[in-house]
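*Asks:* What follows is a single structure, and I will ask about it in a moment.
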Amino acid sequence: MPAITLPDGSVRQFDAPVTGTDVAAAIGPGLARAALAMKLDGREVDLSTLIERDASIVFITRRDPEALELIRHDAAHVLAEAVQALYPGTQVTIGPSIENGFYYDFARNEPFTPEDFPAIEAKMREIVGRGEKFVREEVDRDEAITFFQDKGEKYKAQLIQDLPGTETISLYKQGEWLDLCRGPHMRSTADVGTAFKLMKVAGAYWRGDHRNAMLSRIYGTAWRDQKELDAYLHQLEEAERRDHRKIGKEMDLFHIQEEAVGSIFWHPKGWKLYRTVEAYMRRRLDANGYQEVKTPQLVDRSLWEKSGHWDNYRQNMFITQVQDEDKFLALKPMNCPCHIQIFRQGMRSYRELPLRMAEFGSCHRYEPSGALHGIMRVRAFTQDDAHIFCTEEQIAPETARFITLLSQIYADFGFPDFRIKFSDRPEARIGSDDLWDHAEQALREACAIAGVAYELNPGEGAFYGPKLEFVLRDAIGRDWQCGTLQVDPNLPERLDAEYVGEDGARHRPMMLHRAILGSFERFLGILIEQYAGRFPLWLAPVQAVVATIVSDADDYAREVAAAFARAGLAVETDLSNQKINAKVREHSLAHVPVLAVVGRKEAESRTVALRRLGSQAQEVVSLDEAVARLASEATPPDLKPGNMA
RNA sequence: GCCGGCGUAGCUCAGGGGUAGAGCAACUGAUUCGUAAUCAGUAGGUCCACAGUUCGAUUCUGUGCGCCGGCACCA
């Protein structure tokens, strides 16, 4: 007879097997109404699950974080039913809950369009309104396969076929409609509520494999209530406003045009921003024991053959041939082979290790057209690349040192939070298990030393070694890998890098590929979105505009601008024949952080009226004080007094 | 690369089988004004490219290119 333990530690005895529904009802009518599902001994299950033995229960109500996932998963089922009701002959495949919502992949000859959404949403509301109970049914595997095959649902039949033989096959019914599903579900379709919205249609490969058929995916978002849904939609709108492509245009930072797809035309202001970031990075690297180098763009095929890129990466490389010559040169897609060439010059000693070789390396990769995205994913980019040549014992301390540097740099750019993914050995790999054990252990150790947490990304390491990936999130919620650190024993081997050890013998160094920004292009895109174009003063490409109220102040305005410029500030003047209101508006829209307004009063008293972006307030200060204050604020974080690296 | 959508002035967009329109920006003139748009005027277009249908295509059809959203890719 089951004894049920509740989260508060209390125990309830039942003299016959009970369901979660029974237990909730026994506790009280409020809970009976609110409970959507439960955790039975830690496992999420339907409320209707029969409990025959002693167990602990935690009920899941709409308030709980787990509820969102249930709502979204159930919404996917409701979407599938609605689509099959409206478009007979459509096959269902899978429909999971995802961050912020859900999707369902359908197989249908006609693709869906957003014009179909109102009808589908109406049908979904109807299904939710009916409040059909979700009923779980466990079935025999072969019967289930036959059942779905007879229905013409060949994808579902295949799914079951490929499930491991030990897996229980369960179906969930909602009224007449049913779907293969592991569960759990809430009580009925009514629990989905009405705070959902279909968002977009997309193509997606069956089972995520590009060799398979392309299915029609419908994305939706679903929330606990209308308020949450509205907030989410509002957040999306806000994110769109921050899109770096839009702001890049508004602030005149860069453009891309058809004749150079995937490459960026940096405009003066954009390039100023780029140079600010580059100069900062260079100072940080210099202060951290890196040696900067510069290596060739065009490198003969033979080096790529030795490095293995010619065999494994050629389809992504831009290859050139000079007229009348039989030689193939390739634009480098990465810098590592070139860095090894520098390492190989002369004889290296163990005393030189760890040797940290950095390059702002211009790389070209022929990325698939569909991968291109503004300045975040391009074909011509500049990595803040470095390779650390070291011994096996130095992997952990060097990695820890790297993480510390990276954290400092991300913090300076306004990203105190980032995610670390630890990718360990993949199926297809080279190198002994012993070597992998060592390398993985070293990375784990480094994370421990640096005091950072990571998530495991199993099997996602490079074929030659494990890696850490450092991920930042853009305004629209997309994740971008920026930093990386990869352990590579392979390339030094292939390209024959060696050093003389303490023992007088020759040894292979380890190589750590590492980047912090990833590429300047991607990182600047993320920076633009992070600040929505309202950069902190040290990053802003135009730091101040001196604007006049009357033309009598023109001379003084020029004087103010000259004083600002002498203090190293990027300053412009606006002597145009416009009202101050118009000037304020114009430069605010251009995201200029400081507006220094001068009229007759300021010219006479040798002051300026400072107005900061995003504030209505103005502060009148003396010219000298304005210069001192702004110059100090515009100092890059690594050059601030007391903050030197 | 694949699926879908889109491509009209510098920008944001409207329109539509009879060779195009708005607002902002630009330019000219007037205005000298105290913190988010002063007024008036002028100029600006191979309606992405090519082919087809048509008396006639920017509009319809096809192909290509590019962009956007996904998917796949991302040493």
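Ligands are numbered from 1 in the order shown, residues from 1 within each chain, and chains are lettered A, B, ... in the order they appear in the structure tokens.
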For chain B against chain A, which residues fall within 8 Å using only C-alpha atoms (C1' of nucleotides), given as a count of residues only?
*Replies:* 18
*Asks:* Counting only C-alpha atoms (C1' of nucleotides), what is within 12 Å of region 127-137 of chain A, bar same-chain residues fewer than 4 positions away, as number ranges by chain?
*Replies:* A: 36-37, 45-50, 71, 74-83, 85, 120-123, 144, 168-196
*Asks:* Could the residues in this selection be written to a file with C-alpha atoms, as an mmCIF file, in the first residue's frame?
*Replies:*
```cif
data_model
loop_
_atom_site.group_PDB
_atom_site.id
_atom_site.type_symbol
_atom_site.label_atom_id
_atom_site.label_comp_id
_atom_site.auth_asym_id
_atom_site.auth_seq_id
_atom_site.Cartn_x
_atom_site.Cartn_y
_atom_site.Cartn_z
ATOM 1 C CA LEU A 36 -0.693 19.676 -14.271
ATOM 2 C CA ALA A 37 1.768 16.819 -13.916
ATOM 3 C CA VAL A 45 5.084 11.768 -15.429
ATOM 4 C CA ASP A 46 1.386 12.224 -16.130
ATOM 5 C CA LEU A 47 -0.869 12.969 -13.224
ATOM 6 C CA SER A 48 -2.888 9.914 -14.199
ATOM 7 C CA THR A 49 0.044 7.584 -13.600
ATOM 8 C CA LEU A 50 -0.921 4.808 -11.202
ATOM 9 C CA ILE A 71 2.583 23.728 -22.170
ATOM 10 C CA ASP A 74 1.236 19.947 -25.513
ATOM 11 C CA ALA A 75 0.839 22.935 -27.807
ATOM 12 C CA ALA A 76 2.885 21.062 -30.393
ATOM 13 C CA HIS A 77 0.405 18.192 -30.209
ATOM 14 C CA VAL A 78 -2.485 20.585 -30.568
ATOM 15 C CA LEU A 79 -0.782 22.176 -33.574
ATOM 16 C CA ALA A 80 -0.333 18.762 -35.178
ATOM 17 C CA GLU A 81 -3.968 17.861 -34.683
ATOM 18 C CA ALA A 82 -5.064 21.221 -36.083
ATOM 19 C CA VAL A 83 -2.874 20.852 -39.152
ATOM 20 C CA ALA A 85 -7.666 18.419 -39.487
ATOM 21 C CA ILE A 120 -4.455 26.918 -37.941
ATOM 22 C CA GLU A 121 -4.477 29.068 -34.823
ATOM 23 C CA ALA A 122 -8.283 29.184 -34.882
ATOM 24 C CA LYS A 123 -8.401 25.405 -35.116
ATOM 25 C CA ALA A 144 2.193 0.293 -33.464
ATOM 26 C CA THR A 168 8.096 1.174 -24.165
ATOM 27 C CA ILE A 169 5.973 2.430 -27.036
ATOM 28 C CA SER A 170 3.394 4.879 -25.808
ATOM 29 C CA LEU A 171 0.666 6.787 -27.617
ATOM 30 C CA TYR A 172 -1.136 9.849 -26.378
ATOM 31 C CA LYS A 173 -4.728 10.410 -27.395
ATOM 32 C CA GLN A 174 -6.521 13.702 -27.285
ATOM 33 C CA GLY A 175 -10.098 12.894 -28.344
ATOM 34 C CA GLU A 176 -9.993 11.255 -31.741
ATOM 35 C CA TRP A 177 -6.450 12.325 -32.522
ATOM 36 C CA LEU A 178 -3.347 10.535 -31.335
ATOM 37 C CA ASP A 179 0.402 10.731 -31.618
ATOM 38 C CA LEU A 180 3.378 8.601 -30.796
ATOM 39 C CA CYS A 181 4.934 10.245 -27.764
ATOM 40 C CA ARG A 182 7.022 9.454 -24.742
ATOM 41 C CA GLY A 183 5.152 12.029 -22.661
ATOM 42 C CA PRO A 184 4.468 13.304 -20.182
ATOM 43 C CA HIS A 185 1.502 15.517 -20.894
ATOM 44 C CA MET A 186 -0.779 17.720 -18.872
ATOM 45 C CA ARG A 187 -4.342 16.725 -18.072
ATOM 46 C CA SER A 188 -6.078 17.936 -21.206
ATOM 47 C CA THR A 189 -5.679 20.203 -24.193
ATOM 48 C CA ALA A 190 -7.374 22.912 -22.128
ATOM 49 C CA ASP A 191 -4.215 23.185 -20.013
ATOM 50 C CA VAL A 192 -2.364 24.570 -23.041
ATOM 51 C CA GLY A 193 -4.290 27.792 -22.616
ATOM 52 C CA THR A 194 -4.501 30.466 -25.262
ATOM 53 C CA ALA A 195 -1.221 32.313 -24.847
ATOM 54 C CA PHE A 196 0.336 30.859 -27.969
#
```
*Asks:* Find the spatial neighbours of G18 (chain B), counting only C-alpha atoms (C1' of nucleotides), within a cut-off of 12 Å - ignore same-chain residues fewer than 5 positions away - and output them as a PyMOL selection string.
*Replies:* chain B and resi 55-57+59
*Asks:* In Å, rounded to a single decimal, give me how far CA of Gln315 (chain A) is from CA of Pro458 (chain A).
*Replies:*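 One can read the CA of Pro458 (chain A) to CA of Gln315 (chain A) distance as 26.7 Å.
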*Asks:* Could you give me the residues within region 362-478 of chain A that DSSP places in alpha helix (DSSP H), as a PyMOL selection string?
*Replies:* chain A and resi 395-412+433-450
